Every structure is written in C-alpha cells, then in structure tokens.
Amino acid sequence: MKSACNVAVELVRSGGARRLGGEMCKELKTKVLRLLPQTCNGPSVQQEERTDDAEILSCTLRALKEGHVVGVPTDTIYGLACLAQNSDAIRKTYEMKGRNGQKPLAICVGEIQDIYKYCKVPVKSALLGELLPGPVTLVFERSEALNADLNPFTSLVGVRIPDHAFMRRLCQMCGEPLALTSANISSHTSTVAVDEFQELWPRLAVVVDGGPIGDQSRLGSTVVDLSVLGKYRIIRPGCALSATVDVLEHKYGLSEDPGED
C-alpha cells in the first residue's frame with residue numbers, strides 16, 4: 001500500500017513539470033498538485049486517476065489539519081481554504097490576502113445536513129437541495145458551534161457547497177467546515193487558473209491545480225441572505241442570480257427584502 005503523497009502526481013513549478021514523490025511532499029514548502037482529467041480511455045487509466053486524486057486529497061487534508069492555508073479549485077473561481085475552527089489559520093488567511101478584517105469569510109461544508117450544525121436555518125430543507133451543491137452562498141444566523149473568532153463582528157455566516165467533486169470530498173474528509181475566500185490579493189481580480197495567484201503560492205502549503213475554471217465570468221458565487229423567515233436579500237449578484245431568484249420566488253414563495261438604502 002502506498003502512503004499519502006507517495007503516488008506520483010504532477011508538480012508544476014517555475015514553468016516546468018516533474019513528478020512528486022513522498023520525500024518531496026514532506027520537504028517542499030509549497031506543493032502544487034495537479035488533479036488529473038476526469039475523462040480517460042479505459043478502466044485501468046480510470047483507476048490510476050482515482051488513486052492520484054485520493055493522494056492529492058490526503059496531502060491537502062494533512063496541510064489543513066496542520067493549520068495551513070491551501071489554494072483550491074471550486075465551481076466558480078479558485079479559493080483559499082483553511083479550517084474554520086482554527087483561529088490562527090483564519091488570521092493567516094486575512095494577512096496573506098491583505099483582507100479588511102471587517103469583511104467576512106464564508107464556510108464550506110460537504111453535505112446539506114452539515115449546514116444545520118453551524119447555522120440556524122429558517123427555510124425548508126428542499127430549498128437547500130434546490131440550490132446546493134451549486135454556485136450559491138447562503139447566509140444564515142450562525143450557531144454557537146462555529147468558531148467565535150470567525151467573523152466576530154456579525155451574527156451571520158455564509159455557507160457554500162461547491163458543485164465540485166474534489167472540494168466536496170475534501171470537506172467530507174475534514175469533518176468540519178472550511179473557511180473559504182477567493183484566491184487573490186484583496187481588491188484584485190478573481191482567479192480562474194492557478195498561475196493567476198502565483199504571488200500567493202509561497203504562503204500556501206498546497207495549491208491544487210484543477211485546470212481552468214469552466215465559468216470564465218470571474219463573478220464568484222451568488223450570495224443571498226436567507227436569515228429572515230419568508231424573505232431573501234441579494235448581497236452579491238454573482239454568476240447564478242437569475243436561476244437563484246427563480247427558485248426563491250417562484251418555487252418557494254419568498255419575497256425580496258431590499259434591505260437598507
């Protein structure tokens with residue numbers, strides 16, 4: 001049985017590519033690991049790809065559990081992730097982005113039922129199932145189970161389940177929420193390829209290269225506040241506004257709360 005990080009995966013660095021073995025995985029400060037394509041020819045190649053992706057998951061999970069920040073693909077843009085319950089990792093995320101301390105981080109979970117542990121949910125579970133997994137961030141009142149150092153300035157928290165197989169599996173393996181934000185310097189353009197946030201690589205333990213993000217709009221997820229019973233409020237239009245509003249209004253009868261002027 002091969003140990004974590006010992007199966008060969010691609011390391012992309014300084015414009016070149018070479019194979020990564022177990023020793024390199026331990027010694028390199030930043031590991032850039034390329035997910036293999038999901039389409040292939042023949043069952044033997046399929047098995048090899050699944051093994052490689054499992055090793056990348058193991059490396060990424062280990063980095064997270066050690067308190068590091070990692071770069072990951074999602075269904076909208078590339079993100080920076082750390083354990084939401086790790087206050088030091090949250091601090092490092094803000095520092096490396098130069099992010100305003102009054103701007104919140106979302107959390108990311110692997111399953112819809114996980115939302116109920118960290119959020120107070122006033123909407124039907126079927127509504128969650130309509131929107132998640134998907135390119136939507138749902139904002140609820142936070143529960144006491146969530147780290148008090150995460151967004152201490154607000155009683156609300158945004159939660160995501162990206163429609164991305166690697167990210168969902170990573171969250172499931174973590175067994176706790178990830179804090180998630182865009183992989184860029186604050187105020188810079190969102191990124192849809194790993195080389196676009198290369199200036200952050202030295203501060204990341206792992207960068208997972210999932211290839212170019214299919215949605216090139218760079219808009220990020222649609223962020224909608226569902227914390228008020230029967231109401232919704234769009235915080236950020238994002239890339240799925242029309243489809244989200246259609247579900248909220250026409251299928252579940254929610255009305256828009258314009259919020260403060």
# chains A, B, ... in the order shown; residues from 1 in each chain; ligands from 1
$ select_by_dssp --residues "segment 37-212 of chain A" --states "strand (DSSP E)" --output "ChimeraX atom specification"
/A:70-72,79-83,106-108,119-120,136-142,156-160,178-182,206-209
$ residues_around --residues "Ala205 of chain A" --least-positions-apart "5" --cutoff "12 Å" --atoms "only C-alpha atoms" --output "PyMOL selection string"
chain A and resi 25-33+59-72+80-82+89+92+200
$ residues_around --residues "segment 240-256 of chain A" --least-positions-apart "2" --cutoff "8 Å" --atoms "only C-alpha atoms" --output "CSV table (one decimal) with C-alpha atoms, in the first residue's frame"
chain,number,residue,atom,x,y,z
A,127,LEU,CA,-34.9,24.7,-0.9
A,130,GLU,CA,-32.5,23.0,-5.0
A,131,LEU,CA,-29.6,25.4,-4.7
A,135,PRO,CA,-22.6,28.4,-7.3
A,136,VAL,CA,-24.5,30.0,-4.4
A,221,SER,CA,-21.0,32.7,-6.3
A,222,THR,CA,-24.3,34.4,-5.9
A,230,GLY,CA,-40.0,34.3,4.2
A,231,LYS,CA,-37.5,36.8,2.8
A,232,TYR,CA,-34.4,36.9,0.7
A,233,ARG,CA,-31.8,39.6,0.1
A,237,PRO,CA,-25.4,39.0,-7.8
A,238,GLY,CA,-22.6,36.6,-8.7
A,258,PRO,CA,-34.4,45.3,-0.3
$ closest_residue --among "A:Asp88, A:Asp257, A:Glu176, A:Asp75" --to "Ile107 of chain A" --atoms "only C-alpha atoms"
A:Glu176
$ atom_distance --atom1 "atom CA of Leu132 of chain A" --atom2 "atom CA of Asp195 of chain A"
28.4 Å
